[in-house]
Amino acid sequence: MLSKDELARYDRQIRIDKIGEVGQLKLKQSSVVIVGAGGLGSPISMYLTAAGVGRIGLVDGDKVSITNLNRQILYGTDDVGKDKVFVAKERLKKLNPYVKVEIYPTWFTDIDIAKNIFLKYDAVIDATDNFQTRYLINQACVSLGKPLFVGAVGRFIGQAMDVSPHETACFNCVFPEKEKEVVSLMTERNLSEGIIGTLVGTIGTIVASEFIKFTLNIGNTLFNKLLIYDLINNEFSIINLEKNPKCSICGDLNK
Ligand SMILES: [Zn+2]
């Protein structure tokens with residue numbers, strides 16, 4: 001049930017016929033864990049908190065640095081030096097006290113750490129900034145059958161895709177870990193080349209919207225699709241993907 005205060009808080013989205021009170025209740029009953037409380041994790045966690053997702057996990061072992069502040073809008077100048085997830089939890093609680101925020105100040109050094117956390121949630125969002133962690137998250141999601149929503153950014157280019165393990169292309173189907181030249185297509189290689197802060201806002205809100213649409217079962221999602229946004233040229237493109245039966249993570253031999 002939604003309280004009177006919740007009905008008022010979510011009034012503007014409850015008014016949308018595809019959402020309504022039923023949809024709002026679905027959001028309240030949903031849970032998601034976001035890996036990475038940085039540039040992408042900031043808008044994703046803030047919008048999902050504001051939207052009324054019932055339980056949100058946030059994983060990040062990092063501390064706030066002054067170089068984060070051009071894009072990581074969860075944090076302010078006074079937070080430099082503090083653990084990200086603790087600051088983030090306070091910020092999100094202020095935004096919406098009805099959402100349960102659970103924090104994990106840790107790094108994914110092995111897959112069991114990831115799996116133990118993912119087990120507690122309906123879905124996983126990859127808001128990280130490095131390949132090693134992305135492959136580990138993807139592998140953990142495939143092994144648990146957890147839906148995965150991926151966002152990636154670098155300089156002026158952002159990407160997003162959704163994964164339904166064993167049903168649609170996984171991250172490794174599209175960017176096979178062993179093929180380094182394919183990996184170089186992804187955007188993180190550009191992290192050292194810098195990133196414009198507004199880009200994580202665009203990609204972060206796309207990823208957050210994907211989770212909402214998935215939870216409400218509405219609209220067109222990015223399963224078997226890779227969305228590419230080119231900020232500098234104002235171009236959105238979508239590439240159709242296919243599951244690779246020989247994928248080393250989700251292929252037929254790994255069922
Ligand atoms: Zn795969």
# chains A, B, ... in the order shown; residues from 1 in each chain; ligands from 1
>>> residues_around(residues="segment 54-62 of chain A", least_positions_apart="6", cutoff="9 Å", atoms="only C-alpha atoms", output="PDB file with all heavy atoms, in the first residue's frame")
ATOM      1  N   LEU A  25       3.366   1.069  -6.993  1.00  0.00           N
ATOM      2  CA  LEU A  25       3.531  -0.003  -6.010  1.00  0.00           C
ATOM      3  C   LEU A  25       4.581  -1.017  -6.475  1.00  0.00           C
ATOM      4  O   LEU A  25       5.378  -1.525  -5.685  1.00  0.00           O
ATOM      5  CB  LEU A  25       2.178  -0.690  -5.785  1.00  0.00           C
ATOM      6  CG  LEU A  25       1.966  -1.377  -4.449  1.00  0.00           C
ATOM      7  CD1 LEU A  25       2.230  -0.440  -3.282  1.00  0.00           C
ATOM      8  CD2 LEU A  25       0.539  -1.919  -4.368  1.00  0.00           C
ATOM      9  N   LYS A  26       4.609  -1.277  -7.784  1.00  0.00           N
ATOM     10  CA  LYS A  26       5.634  -2.171  -8.341  1.00  0.00           C
ATOM     11  C   LYS A  26       7.027  -1.602  -8.082  1.00  0.00           C
ATOM     12  O   LYS A  26       7.950  -2.333  -7.745  1.00  0.00           O
ATOM     13  CB  LYS A  26       5.440  -2.337  -9.857  1.00  0.00           C
ATOM     14  CG  LYS A  26       4.414  -3.358 -10.250  1.00  0.00           C
ATOM     15  CD  LYS A  26       4.464  -3.541 -11.774  1.00  0.00           C
ATOM     16  CE  LYS A  26       3.256  -4.299 -12.286  1.00  0.00           C
ATOM     17  NZ  LYS A  26       3.103  -4.168 -13.731  1.00  0.00           N
ATOM     18  N   LEU A  27       7.163  -0.292  -8.271  1.00  0.00           N
ATOM     19  CA  LEU A  27       8.466   0.344  -8.011  1.00  0.00           C
ATOM     20  C   LEU A  27       8.835   0.202  -6.543  1.00  0.00           C
ATOM     21  O   LEU A  27       9.973  -0.096  -6.192  1.00  0.00           O
ATOM     22  CB  LEU A  27       8.429   1.827  -8.408  1.00  0.00           C
ATOM     23  CG  LEU A  27       8.412   2.126  -9.907  1.00  0.00           C
ATOM     24  CD1 LEU A  27       8.243   3.623 -10.144  1.00  0.00           C
ATOM     25  CD2 LEU A  27       9.698   1.642 -10.576  1.00  0.00           C
ATOM     26  N   LYS A  28       7.841   0.420  -5.680  1.00  0.00           N
ATOM     27  CA  LYS A  28       8.099   0.323  -4.239  1.00  0.00           C
ATOM     28  C   LYS A  28       8.523  -1.092  -3.851  1.00  0.00           C
ATOM     29  O   LYS A  28       9.330  -1.282  -2.937  1.00  0.00           O
ATOM     30  CB  LYS A  28       6.834   0.726  -3.466  1.00  0.00           C
ATOM     31  CG  LYS A  28       7.060   0.783  -1.962  1.00  0.00           C
ATOM     32  CD  LYS A  28       5.810   1.211  -1.212  1.00  0.00           C
ATOM     33  CE  LYS A  28       6.079   1.226   0.287  1.00  0.00           C
ATOM     34  NZ  LYS A  28       4.955   1.764   1.052  1.00  0.00           N
ATOM     35  N   GLN A  29       7.988  -2.053  -4.545  1.00  0.00           N
ATOM     36  CA  GLN A  29       8.312  -3.453  -4.219  1.00  0.00           C
ATOM     37  C   GLN A  29       9.585  -3.933  -4.909  1.00  0.00           C
ATOM     38  O   GLN A  29      10.014  -5.061  -4.708  1.00  0.00           O
ATOM     39  CB  GLN A  29       7.129  -4.352  -4.600  1.00  0.00           C
ATOM     40  CG  GLN A  29       5.962  -4.179  -3.650  1.00  0.00           C
ATOM     41  CD  GLN A  29       4.641  -4.669  -4.220  1.00  0.00           C
ATOM     42  OE1 GLN A  29       4.535  -4.956  -5.413  1.00  0.00           O
ATOM     43  NE2 GLN A  29       3.623  -4.738  -3.378  1.00  0.00           N
ATOM     44  N   SER A  30      10.187  -3.080  -5.731  1.00  0.00           N
ATOM     45  CA  SER A  30      11.371  -3.498  -6.483  1.00  0.00           C
ATOM     46  C   SER A  30      12.654  -3.161  -5.726  1.00  0.00           C
ATOM     47  O   SER A  30      12.666  -2.356  -4.795  1.00  0.00           O
ATOM     48  CB  SER A  30      11.391  -2.815  -7.854  1.00  0.00           C
ATOM     49  OG  SER A  30      11.719  -1.453  -7.718  1.00  0.00           O
ATOM     50  N   SER A  31      13.728  -3.832  -6.142  1.00  0.00           N
ATOM     51  CA  SER A  31      15.033  -3.549  -5.546  1.00  0.00           C
ATOM     52  C   SER A  31      16.101  -3.651  -6.621  1.00  0.00           C
ATOM     53  O   SER A  31      15.975  -4.411  -7.579  1.00  0.00           O
ATOM     54  CB  SER A  31      15.328  -4.537  -4.420  1.00  0.00           C
ATOM     55  OG  SER A  31      15.398  -5.855  -4.941  1.00  0.00           O
ATOM     56  N   VAL A  32      17.141  -2.850  -6.461  1.00  0.00           N
ATOM     57  CA  VAL A  32      18.233  -2.856  -7.440  1.00  0.00           C
ATOM     58  C   VAL A  32      19.531  -2.499  -6.733  1.00  0.00           C
ATOM     59  O   VAL A  32      19.526  -1.716  -5.779  1.00  0.00           O
ATOM     60  CB  VAL A  32      17.932  -1.874  -8.606  1.00  0.00           C
ATOM     61  CG1 VAL A  32      17.905  -0.430  -8.144  1.00  0.00           C
ATOM     62  CG2 VAL A  32      18.932  -2.041  -9.749  1.00  0.00           C
ATOM     63  N   VAL A  33      20.623  -3.104  -7.199  1.00  0.00           N
ATOM     64  CA  VAL A  33      21.926  -2.719  -6.655  1.00  0.00           C
ATOM     65  C   VAL A  33      22.719  -2.019  -7.751  1.00  0.00           C
ATOM     66  O   VAL A  33      22.788  -2.493  -8.894  1.00  0.00           O
ATOM     67  CB  VAL A  33      22.679  -3.922  -6.048  1.00  0.00           C
ATOM     68  CG1 VAL A  33      22.853  -5.066  -7.032  1.00  0.00           C
ATOM     69  CG2 VAL A  33      24.029  -3.484  -5.487  1.00  0.00           C
ATOM     70  N   ILE A  34      23.260  -0.871  -7.403  1.00  0.00           N
ATOM     71  CA  ILE A  34      24.040  -0.061  -8.342  1.00  0.00           C
ATOM     72  C   ILE A  34      25.512  -0.218  -7.983  1.00  0.00           C
ATOM     73  O   ILE A  34      25.908   0.078  -6.844  1.00  0.00           O
ATOM     74  CB  ILE A  34      23.642   1.430  -8.248  1.00  0.00           C
ATOM     75  CG1 ILE A  34      22.139   1.595  -8.495  1.00  0.00           C
ATOM     76  CG2 ILE A  34      24.459   2.285  -9.207  1.00  0.00           C
ATOM     77  CD1 ILE A  34      21.579   2.949  -8.036  1.00  0.00           C
ATOM     78  N   VAL A  35      26.309  -0.693  -8.939  1.00  0.00           N
ATOM     79  CA  VAL A  35      27.744  -0.834  -8.684  1.00  0.00           C
ATOM     80  C   VAL A  35      28.450   0.395  -9.248  1.00  0.00           C
ATOM     81  O   VAL A  35      28.435   0.632 -10.454  1.00  0.00           O
ATOM     82  CB  VAL A  35      28.317  -2.117  -9.311  1.00  0.00           C
ATOM     83  CG1 VAL A  35      29.763  -2.311  -8.854  1.00  0.00           C
ATOM     84  CG2 VAL A  35      27.475  -3.324  -8.949  1.00  0.00           C
ATOM     85  N   GLY A  36      29.023   1.182  -8.359  1.00  0.00           N
ATOM     86  CA  GLY A  36      29.667   2.432  -8.750  1.00  0.00           C
ATOM     87  C   GLY A  36      28.832   3.612  -8.286  1.00  0.00           C
ATOM     88  O   GLY A  36      27.695   3.784  -8.735  1.00  0.00           O
ATOM     89  N   ALA A  37      29.376   4.388  -7.352  1.00  0.00           N
ATOM     90  CA  ALA A  37      28.665   5.581  -6.864  1.00  0.00           C
ATOM     91  C   ALA A  37      29.399   6.824  -7.349  1.00  0.00           C
ATOM     92  O   ALA A  37      29.675   7.750  -6.597  1.00  0.00           O
ATOM     93  CB  ALA A  37      28.573   5.554  -5.335  1.00  0.00           C
ATOM     94  N   GLY A  38      29.728   6.818  -8.645  1.00  0.00           N
ATOM     95  CA  GLY A  38      30.472   7.929  -9.232  1.00  0.00           C
ATOM     96  C   GLY A  38      29.613   8.756 -10.161  1.00  0.00           C
ATOM     97  O   GLY A  38      28.483   9.104  -9.836  1.00  0.00           O
ATOM     98  N   GLY A  41      26.649   6.559 -11.291  1.00  0.00           N
ATOM     99  CA  GLY A  41      25.915   6.148 -10.088  1.00  0.00           C
ATOM    100  C   GLY A  41      25.177   7.311  -9.442  1.00  0.00           C
ATOM    101  O   GLY A  41      24.129   7.104  -8.809  1.00  0.00           O
ATOM    102  N   SER A  45      21.273   6.688  -8.989  1.00  0.00           N
ATOM    103  CA  SER A  45      20.761   6.480  -7.627  1.00  0.00           C
ATOM    104  C   SER A  45      19.802   7.592  -7.230  1.00  0.00           C
ATOM    105  O   SER A  45      18.788   7.338  -6.568  1.00  0.00           O
ATOM    106  CB  SER A  45      21.916   6.378  -6.627  1.00  0.00           C
ATOM    107  OG  SER A  45      22.656   7.573  -6.576  1.00  0.00           O
ATOM    108  N   LEU A  48      16.411   7.098  -9.214  1.00  0.00           N
ATOM    109  CA  LEU A  48      15.664   5.912  -8.765  1.00  0.00           C
ATOM    110  C   LEU A  48      15.156   6.105  -7.336  1.00  0.00           C
ATOM    111  O   LEU A  48      14.080   5.621  -6.986  1.00  0.00           O
ATOM    112  CB  LEU A  48      16.525   4.645  -8.893  1.00  0.00           C
ATOM    113  CG  LEU A  48      16.832   4.216 -10.336  1.00  0.00           C
ATOM    114  CD1 LEU A  48      17.634   2.918 -10.360  1.00  0.00           C
ATOM    115  CD2 LEU A  48      15.546   4.069 -11.174  1.00  0.00           C
ATOM    116  N   LYS A  82      35.828  11.972   2.099  1.00  0.00           N
ATOM    117  CA  LYS A  82      34.923  11.048   2.807  1.00  0.00           C
ATOM    118  C   LYS A  82      34.605   9.824   1.931  1.00  0.00           C
ATOM    119  O   LYS A  82      34.687   9.887   0.703  1.00  0.00           O
ATOM    120  CB  LYS A  82      33.611  11.750   3.168  1.00  0.00           C
ATOM    121  CG  LYS A  82      33.785  12.895   4.152  1.00  0.00           C
ATOM    122  CD  LYS A  82      32.442  13.553   4.411  1.00  0.00           C
ATOM    123  CE  LYS A  82      32.607  14.815   5.244  1.00  0.00           C
ATOM    124  NZ  LYS A  82      31.374  15.625   5.272  1.00  0.00           N
ATOM    125  N   ASP A  83      34.185   8.730   2.579  1.00  0.00           N
ATOM    126  CA  ASP A  83      33.769   7.528   1.839  1.00  0.00           C
ATOM    127  C   ASP A  83      32.504   7.833   1.050  1.00  0.00           C
ATOM    128  O   ASP A  83      31.503   8.295   1.617  1.00  0.00           O
ATOM    129  CB  ASP A  83      33.479   6.379   2.808  1.00  0.00           C
ATOM    130  CG  ASP A  83      34.746   5.834   3.419  1.00  0.00           C
ATOM    131  OD1 ASP A  83      35.660   5.487   2.654  1.00  0.00           O
ATOM    132  OD2 ASP A  83      34.831   5.769   4.662  1.00  0.00           O
ATOM    133  N   LYS A  84      32.544   7.508  -0.252  1.00  0.00           N
ATOM    134  CA  LYS A  84      31.418   7.870  -1.119  1.00  0.00           C
ATOM    135  C   LYS A  84      30.078   7.306  -0.658  1.00  0.00           C
ATOM    136  O   LYS A  84      29.086   8.028  -0.592  1.00  0.00           O
ATOM    137  CB  LYS A  84      31.684   7.384  -2.552  1.00  0.00           C
ATOM    138  CG  LYS A  84      32.676   8.247  -3.295  1.00  0.00           C
ATOM    139  CD  LYS A  84      32.818   7.785  -4.738  1.00  0.00           C
ATOM    140  CE  LYS A  84      33.789   8.707  -5.451  1.00  0.00           C
ATOM    141  NZ  LYS A  84      34.020   8.276  -6.835  1.00  0.00           N
ATOM    142  N   VAL A  85      30.036   6.008  -0.367  1.00  0.00           N
ATOM    143  CA  VAL A  85      28.720   5.409  -0.111  1.00  0.00           C
ATOM    144  C   VAL A  85      28.050   5.950   1.156  1.00  0.00           C
ATOM    145  O   VAL A  85      26.820   6.024   1.219  1.00  0.00           O
ATOM    146  CB  VAL A  85      28.759   3.862  -0.081  1.00  0.00           C
ATOM    147  CG1 VAL A  85      28.953   3.295  -1.486  1.00  0.00           C
ATOM    148  CG2 VAL A  85      29.789   3.334   0.878  1.00  0.00           C
ATOM    149  N   ALA A  88      26.687   9.277   0.141  1.00  0.00           N
ATOM    150  CA  ALA A  88      25.572   9.034  -0.793  1.00  0.00           C
ATOM    151  C   ALA A  88      24.315   8.620  -0.033  1.00  0.00           C
ATOM    152  O   ALA A  88      23.214   9.090  -0.328  1.00  0.00           O
ATOM    153  CB  ALA A  88      25.960   7.957  -1.802  1.00  0.00           C
ATOM    154  N   LYS A  89      24.466   7.748   0.951  1.00  0.00           N
ATOM    155  CA  LYS A  89      23.303   7.277   1.700  1.00  0.00           C
ATOM    156  C   LYS A  89      22.587   8.451   2.377  1.00  0.00           C
ATOM    157  O   LYS A  89      21.356   8.555   2.327  1.00  0.00           O
ATOM    158  CB  LYS A  89      23.736   6.250   2.747  1.00  0.00           C
ATOM    159  CG  LYS A  89      22.566   5.690   3.534  1.00  0.00           C
ATOM    160  CD  LYS A  89      22.945   4.545   4.430  1.00  0.00           C
ATOM    161  CE  LYS A  89      21.702   4.040   5.158  1.00  0.00           C
ATOM    162  NZ  LYS A  89      21.947   2.841   5.938  1.00  0.00           N
ATOM    163  N   TYR A  98      11.467   7.275   2.148  1.00  0.00           N
ATOM    164  CA  TYR A  98      10.730   6.019   1.965  1.00  0.00           C
ATOM    165  C   TYR A  98      11.572   4.924   1.309  1.00  0.00           C
ATOM    166  O   TYR A  98      11.174   3.768   1.273  1.00  0.00           O
ATOM    167  CB  TYR A  98       9.474   6.252   1.118  1.00  0.00           C
ATOM    168  CG  TYR A  98       8.445   7.070   1.839  1.00  0.00           C
ATOM    169  CD1 TYR A  98       8.293   8.419   1.561  1.00  0.00           C
ATOM    170  CD2 TYR A  98       7.640   6.491   2.814  1.00  0.00           C
ATOM    171  CE1 TYR A  98       7.353   9.180   2.233  1.00  0.00           C
ATOM    172  CE2 TYR A  98       6.698   7.245   3.494  1.00  0.00           C
ATOM    173  CZ  TYR A  98       6.560   8.594   3.200  1.00  0.00           C
ATOM    174  OH  TYR A  98       5.635   9.332   3.870  1.00  0.00           O
ATOM    175  N   VAL A  99      12.699   5.315   0.771  1.00  0.00           N
ATOM    176  CA  VAL A  99      13.555   4.339   0.081  1.00  0.00           C
ATOM    177  C   VAL A  99      14.594   3.791   1.053  1.00  0.00           C
ATOM    178  O   VAL A  99      15.229   4.543   1.796  1.00  0.00           O
ATOM    179  CB  VAL A  99      14.260   5.002  -1.123  1.00  0.00           C
ATOM    180  CG1 VAL A  99      15.232   4.027  -1.784  1.00  0.00           C
ATOM    181  CG2 VAL A  99      13.223   5.488  -2.124  1.00  0.00           C
ATOM    182  N   LYS A 100      14.750   2.468   1.044  1.00  0.00           N
ATOM    183  CA  LYS A 100      15.758   1.837   1.887  1.00  0.00           C
ATOM    184  C   LYS A 100      17.073   1.826   1.102  1.00  0.00           C
ATOM    185  O   LYS A 100      17.145   1.234   0.025  1.00  0.00           O
ATOM    186  CB  LYS A 100      15.309   0.415   2.236  1.00  0.00           C
ATOM    187  CG  LYS A 100      16.096  -0.220   3.339  1.00  0.00           C
ATOM    188  CD  LYS A 100      15.299  -1.381   3.966  1.00  0.00           C
ATOM    189  CE  LYS A 100      15.951  -1.869   5.243  1.00  0.00           C
ATOM    190  NZ  LYS A 100      17.034  -2.800   5.059  1.00  0.00           N
ATOM    191  N   VAL A 101      18.071   2.495   1.630  1.00  0.00           N
ATOM    192  CA  VAL A 101      19.374   2.548   0.953  1.00  0.00           C
ATOM    193  C   VAL A 101      20.361   1.680   1.723  1.00  0.00           C
ATOM    194  O   VAL A 101      20.564   1.871   2.924  1.00  0.00           O
ATOM    195  CB  VAL A 101      19.895   4.005   0.867  1.00  0.00           C
ATOM    196  CG1 VAL A 101      21.256   4.045   0.164  1.00  0.00           C
ATOM    197  CG2 VAL A 101      18.892   4.905   0.145  1.00  0.00           C
ATOM    198  N   GLU A 102      20.930   0.712   1.024  1.00  0.00           N
ATOM    199  CA  GLU A 102      21.894  -0.201   1.661  1.00  0.00           C
ATOM    200  C   GLU A 102      23.253  -0.003   0.999  1.00  0.00           C
ATOM    201  O   GLU A 102      23.346   0.004  -0.231  1.00  0.00           O
ATOM    202  CB  GLU A 102      21.415  -1.652   1.482  1.00  0.00           C
ATOM    203  CG  GLU A 102      20.067  -1.881   2.139  1.00  0.00           C
ATOM    204  CD  GLU A 102      19.357  -3.153   1.698  1.00  0.00           C
ATOM    205  OE1 GLU A 102      19.670  -3.669   0.611  1.00  0.00           O
ATOM    206  OE2 GLU A 102      18.471  -3.611   2.441  1.00  0.00           O
ATOM    207  N   ILE A 103      24.290   0.178   1.799  1.00  0.00           N
ATOM    208  CA  ILE A 103      25.585   0.534   1.218  1.00  0.00           C
ATOM    209  C   ILE A 103      26.653  -0.532   1.463  1.00  0.00           C
ATOM    210  O   ILE A 103      26.645  -1.229   2.477  1.00  0.00           O
ATOM    211  CB  ILE A 103      26.067   1.912   1.711  1.00  0.00           C
ATOM    212  CG1 ILE A 103      26.115   1.965   3.243  1.00  0.00           C
ATOM    213  CG2 ILE A 103      25.218   3.017   1.140  1.00  0.00           C
ATOM    214  CD1 ILE A 103      26.769   3.227   3.778  1.00  0.00           C
ATOM    215  N   TYR A 104      27.570  -0.619   0.500  1.00  0.00           N
ATOM    216  CA  TYR A 104      28.659  -1.601   0.537  1.00  0.00           C
ATOM    217  C   TYR A 104      29.966  -0.885   0.189  1.00  0.00           C
ATOM    218  O   TYR A 104      30.282  -0.711  -0.992  1.00  0.00           O
ATOM    219  CB  TYR A 104      28.382  -2.725  -0.467  1.00  0.00           C
ATOM    220  CG  TYR A 104      27.035  -3.393  -0.272  1.00  0.00           C
ATOM    221  CD1 TYR A 104      25.898  -2.921  -0.938  1.00  0.00           C
ATOM    222  CD2 TYR A 104      26.898  -4.475   0.593  1.00  0.00           C
ATOM    223  CE1 TYR A 104      24.662  -3.512  -0.740  1.00  0.00           C
ATOM    224  CE2 TYR A 104      25.655  -5.071   0.792  1.00  0.00           C
ATOM    225  CZ  TYR A 104      24.548  -4.584   0.123  1.00  0.00           C
ATOM    226  OH  TYR A 104      23.310  -5.166   0.310  1.00  0.00           O
ATOM    227  N   PRO A 105      30.723  -0.463   1.219  1.00  0.00           N
ATOM    228  CA  PRO A 105      31.978   0.249   0.930  1.00  0.00           C
ATOM    229  C   PRO A 105      33.084  -0.751   0.577  1.00  0.00           C
ATOM    230  O   PRO A 105      34.001  -0.982   1.361  1.00  0.00           O
ATOM    231  CB  PRO A 105      32.271   0.986   2.247  1.00  0.00           C
ATOM    232  CG  PRO A 105      31.577   0.200   3.294  1.00  0.00           C
ATOM    233  CD  PRO A 105      30.434  -0.538   2.646  1.00  0.00           C
ATOM    234  N   THR A 106      32.963  -1.345  -0.599  1.00  0.00           N
ATOM    235  CA  THR A 106      33.875  -2.425  -0.955  1.00  0.00           C
ATOM    236  C   THR A 106      34.208  -2.389  -2.447  1.00  0.00           C
ATOM    237  O   THR A 106      33.551  -1.720  -3.231  1.00  0.00           O
ATOM    238  CB  THR A 106      33.225  -3.787  -0.597  1.00  0.00           C
ATOM    239  OG1 THR A 106      34.154  -4.820  -0.841  1.00  0.00           O
ATOM    240  CG2 THR A 106      31.978  -4.055  -1.423  1.00  0.00           C
ATOM    241  N   TRP A 107      35.262  -3.122  -2.795  1.00  0.00           N
ATOM    242  CA  TRP A 107      35.621  -3.331  -4.210  1.00  0.00           C
ATOM    243  C   TRP A 107      35.304  -4.772  -4.555  1.00  0.00           C
ATOM    244  O   TRP A 107      35.367  -5.649  -3.699  1.00  0.00           O
ATOM    245  CB  TRP A 107      37.119  -3.084  -4.434  1.00  0.00           C
ATOM    246  CG  TRP A 107      37.574  -1.710  -4.061  1.00  0.00           C
ATOM    247  CD1 TRP A 107      38.303  -1.373  -2.955  1.00  0.00           C
ATOM    248  CD2 TRP A 107      37.356  -0.488  -4.776  1.00  0.00           C
ATOM    249  NE1 TRP A 107      38.543  -0.029  -2.940  1.00  0.00           N
ATOM    250  CE2 TRP A 107      37.982   0.538  -4.040  1.00  0.00           C
ATOM    251  CE3 TRP A 107      36.683  -0.177  -5.969  1.00  0.00           C
ATOM    252  CZ2 TRP A 107      37.955   1.870  -4.452  1.00  0.00           C
ATOM    253  CZ3 TRP A 107      36.665   1.150  -6.374  1.00  0.00           C
ATOM    254  CH2 TRP A 107      37.295   2.154  -5.622  1.00  0.00           C
ATOM    255  N   PHE A 108      35.009  -5.012  -5.823  1.00  0.00           N
ATOM    256  CA  PHE A 108      34.752  -6.393  -6.272  1.00  0.00           C
ATOM    257  C   PHE A 108      36.076  -7.062  -6.640  1.00  0.00           C
ATOM    258  O   PHE A 108      36.443  -7.127  -7.799  1.00  0.00           O
ATOM    259  CB  PHE A 108      33.796  -6.394  -7.462  1.00  0.00           C
ATOM    260  CG  PHE A 108      32.362  -6.176  -7.083  1.00  0.00           C
ATOM    261  CD1 PHE A 108      31.389  -6.010  -8.052  1.00  0.00           C
ATOM    262  CD2 PHE A 108      31.967  -6.159  -5.747  1.00  0.00           C
ATOM    263  CE1 PHE A 108      30.053  -5.815  -7.717  1.00  0.00           C
ATOM    264  CE2 PHE A 108      30.640  -5.963  -5.394  1.00  0.00           C
ATOM    265  CZ  PHE A 108      29.682  -5.796  -6.389  1.00  0.00           C
ATOM    266  N   ILE A 117      26.235 -10.081  -2.861  1.00  0.00           N
ATOM    267  CA  ILE A 117      25.456  -8.838  -2.803  1.00  0.00           C
ATOM    268  C   ILE A 117      24.292  -8.905  -3.799  1.00  0.00           C
ATOM    269  O   ILE A 117      23.145  -8.601  -3.459  1.00  0.00           O
ATOM    270  CB  ILE A 117      26.355  -7.609  -3.078  1.00  0.00           C
ATOM    271  CG1 ILE A 117      27.398  -7.467  -1.966  1.00  0.00           C
ATOM    272  CG2 ILE A 117      25.510  -6.337  -3.201  1.00  0.00           C
ATOM    273  CD1 ILE A 117      28.446  -6.396  -2.208  1.00  0.00           C
ATOM    274  N   TYR A 121      19.006  -8.678  -4.534  1.00  0.00           N
ATOM    275  CA  TYR A 121      18.296  -7.667  -5.318  1.00  0.00           C
ATOM    276  C   TYR A 121      17.657  -8.272  -6.574  1.00  0.00           C
ATOM    277  O   TYR A 121      18.103  -9.300  -7.080  1.00  0.00           O
ATOM    278  CB  TYR A 121      19.266  -6.549  -5.718  1.00  0.00           C
ATOM    279  CG  TYR A 121      19.824  -5.834  -4.509  1.00  0.00           C
ATOM    280  CD1 TYR A 121      20.976  -6.302  -3.881  1.00  0.00           C
ATOM    281  CD2 TYR A 121      19.160  -4.742  -3.959  1.00  0.00           C
ATOM    282  CE1 TYR A 121      21.469  -5.677  -2.744  1.00  0.00           C
ATOM    283  CE2 TYR A 121      19.644  -4.110  -2.823  1.00  0.00           C
ATOM    284  CZ  TYR A 121      20.788  -4.577  -2.218  1.00  0.00           C
ATOM    285  OH  TYR A 121      21.270  -3.966  -1.090  1.00  0.00           O
TER     286      TYR A 121
END
>>> residues_around(residues="Thr205 of chain A", least_positions_apart="5", cutoff="10 Å", atoms="only C-alpha atoms", output="list in words")
Leu40, Gly41, Ser42, Pro43, Ile44, Ser45, Met46, Tyr47, Leu48, Gly151, Leu199, Val200, Glu210 and Phe211 of chain A
>>> residues_around(residues="Phe223 of chain A", least_positions_apart="2", cutoff="10 Å", atoms="only C-alpha atoms", output="PyMOL selection string")
chain A and resi 147-149+160-164+167-170+210+214+220-221+225-226+240-242
>>> atom_distance(atom1="atom CA of Lys93 of chain A", atom2="atom CA of Leu74 of chain A")
11.7 Å
>>> residues_near_ligand(ligand="ligand 1", cutoff="7 Å", atoms="only C-alpha atoms and all ligand atoms", output="PDB file with N, CA and C atoms, in the first residue's frame")
ATOM      1  N   ALA A 169      21.778 -10.871 -25.506  1.00  0.00           N
ATOM      2  CA  ALA A 169      23.241 -10.743 -25.510  1.00  0.00           C
ATOM      3  C   ALA A 169      23.741 -10.216 -24.173  1.00  0.00           C
ATOM      4  N   CYS A 170      24.768 -10.853 -23.645  1.00  0.00           N
ATOM      5  CA  CYS A 170      25.381 -10.342 -22.419  1.00  0.00           C
ATOM      6  C   CYS A 170      26.517  -9.392 -22.800  1.00  0.00           C
ATOM      7  N   PHE A 171      27.094  -8.750 -21.802  1.00  0.00           N
ATOM      8  CA  PHE A 171      28.163  -7.787 -22.069  1.00  0.00           C
ATOM      9  C   PHE A 171      29.334  -8.451 -22.789  1.00  0.00           C
ATOM     10  N   ASN A 172      29.617  -9.686 -22.414  1.00  0.00           N
ATOM     11  CA  ASN A 172      30.741 -10.407 -23.014  1.00  0.00           C
ATOM     12  C   ASN A 172      30.430 -10.881 -24.440  1.00  0.00           C
ATOM     13  N   CYS A 173      29.141 -11.080 -24.764  1.00  0.00           N
ATOM     14  CA  CYS A 173      28.758 -11.398 -26.147  1.00  0.00           C
ATOM     15  C   CYS A 173      29.157 -10.245 -27.069  1.00  0.00           C
ATOM     16  N   LYS A 243      22.667 -12.540 -29.119  1.00  0.00           N
ATOM     17  CA  LYS A 243      23.379 -13.388 -28.171  1.00  0.00           C
ATOM     18  C   LYS A 243      24.355 -14.258 -28.963  1.00  0.00           C
ATOM     19  N   ASN A 244      25.582 -14.384 -28.470  1.00  0.00           N
ATOM     20  CA  ASN A 244      26.573 -15.233 -29.134  1.00  0.00           C
ATOM     21  C   ASN A 244      26.526 -16.638 -28.512  1.00  0.00           C
ATOM     22  N   CYS A 247      29.561 -17.566 -26.699  1.00  0.00           N
ATOM     23  CA  CYS A 247      30.083 -16.648 -25.667  1.00  0.00           C
ATOM     24  C   CYS A 247      30.682 -17.458 -24.510  1.00  0.00           C
ATOM     25  N   SER A 248      31.861 -17.037 -24.049  1.00  0.00           N
ATOM     26  CA  SER A 248      32.533 -17.794 -22.987  1.00  0.00           C
ATOM     27  C   SER A 248      31.819 -17.641 -21.644  1.00  0.00           C
ATOM     28  N   ILE A 249      30.892 -16.688 -21.543  1.00  0.00           N
ATOM     29  CA  ILE A 249      30.171 -16.488 -20.276  1.00  0.00           C
ATOM     30  C   ILE A 249      28.753 -17.040 -20.338  1.00  0.00           C
ATOM     31  N   CYS A 250      27.988 -16.694 -21.384  1.00  0.00           N
ATOM     32  CA  CYS A 250      26.565 -17.091 -21.412  1.00  0.00           C
ATOM     33  C   CYS A 250      26.261 -18.077 -22.514  1.00  0.00           C
ATOM     34  N   GLY A 251      27.289 -18.525 -23.255  1.00  0.00           N
ATOM     35  CA  GLY A 251      27.070 -19.420 -24.404  1.00  0.00           C
ATOM     36  C   GLY A 251      26.500 -20.768 -23.992  1.00  0.00           C
TER      37      GLY A 251
END
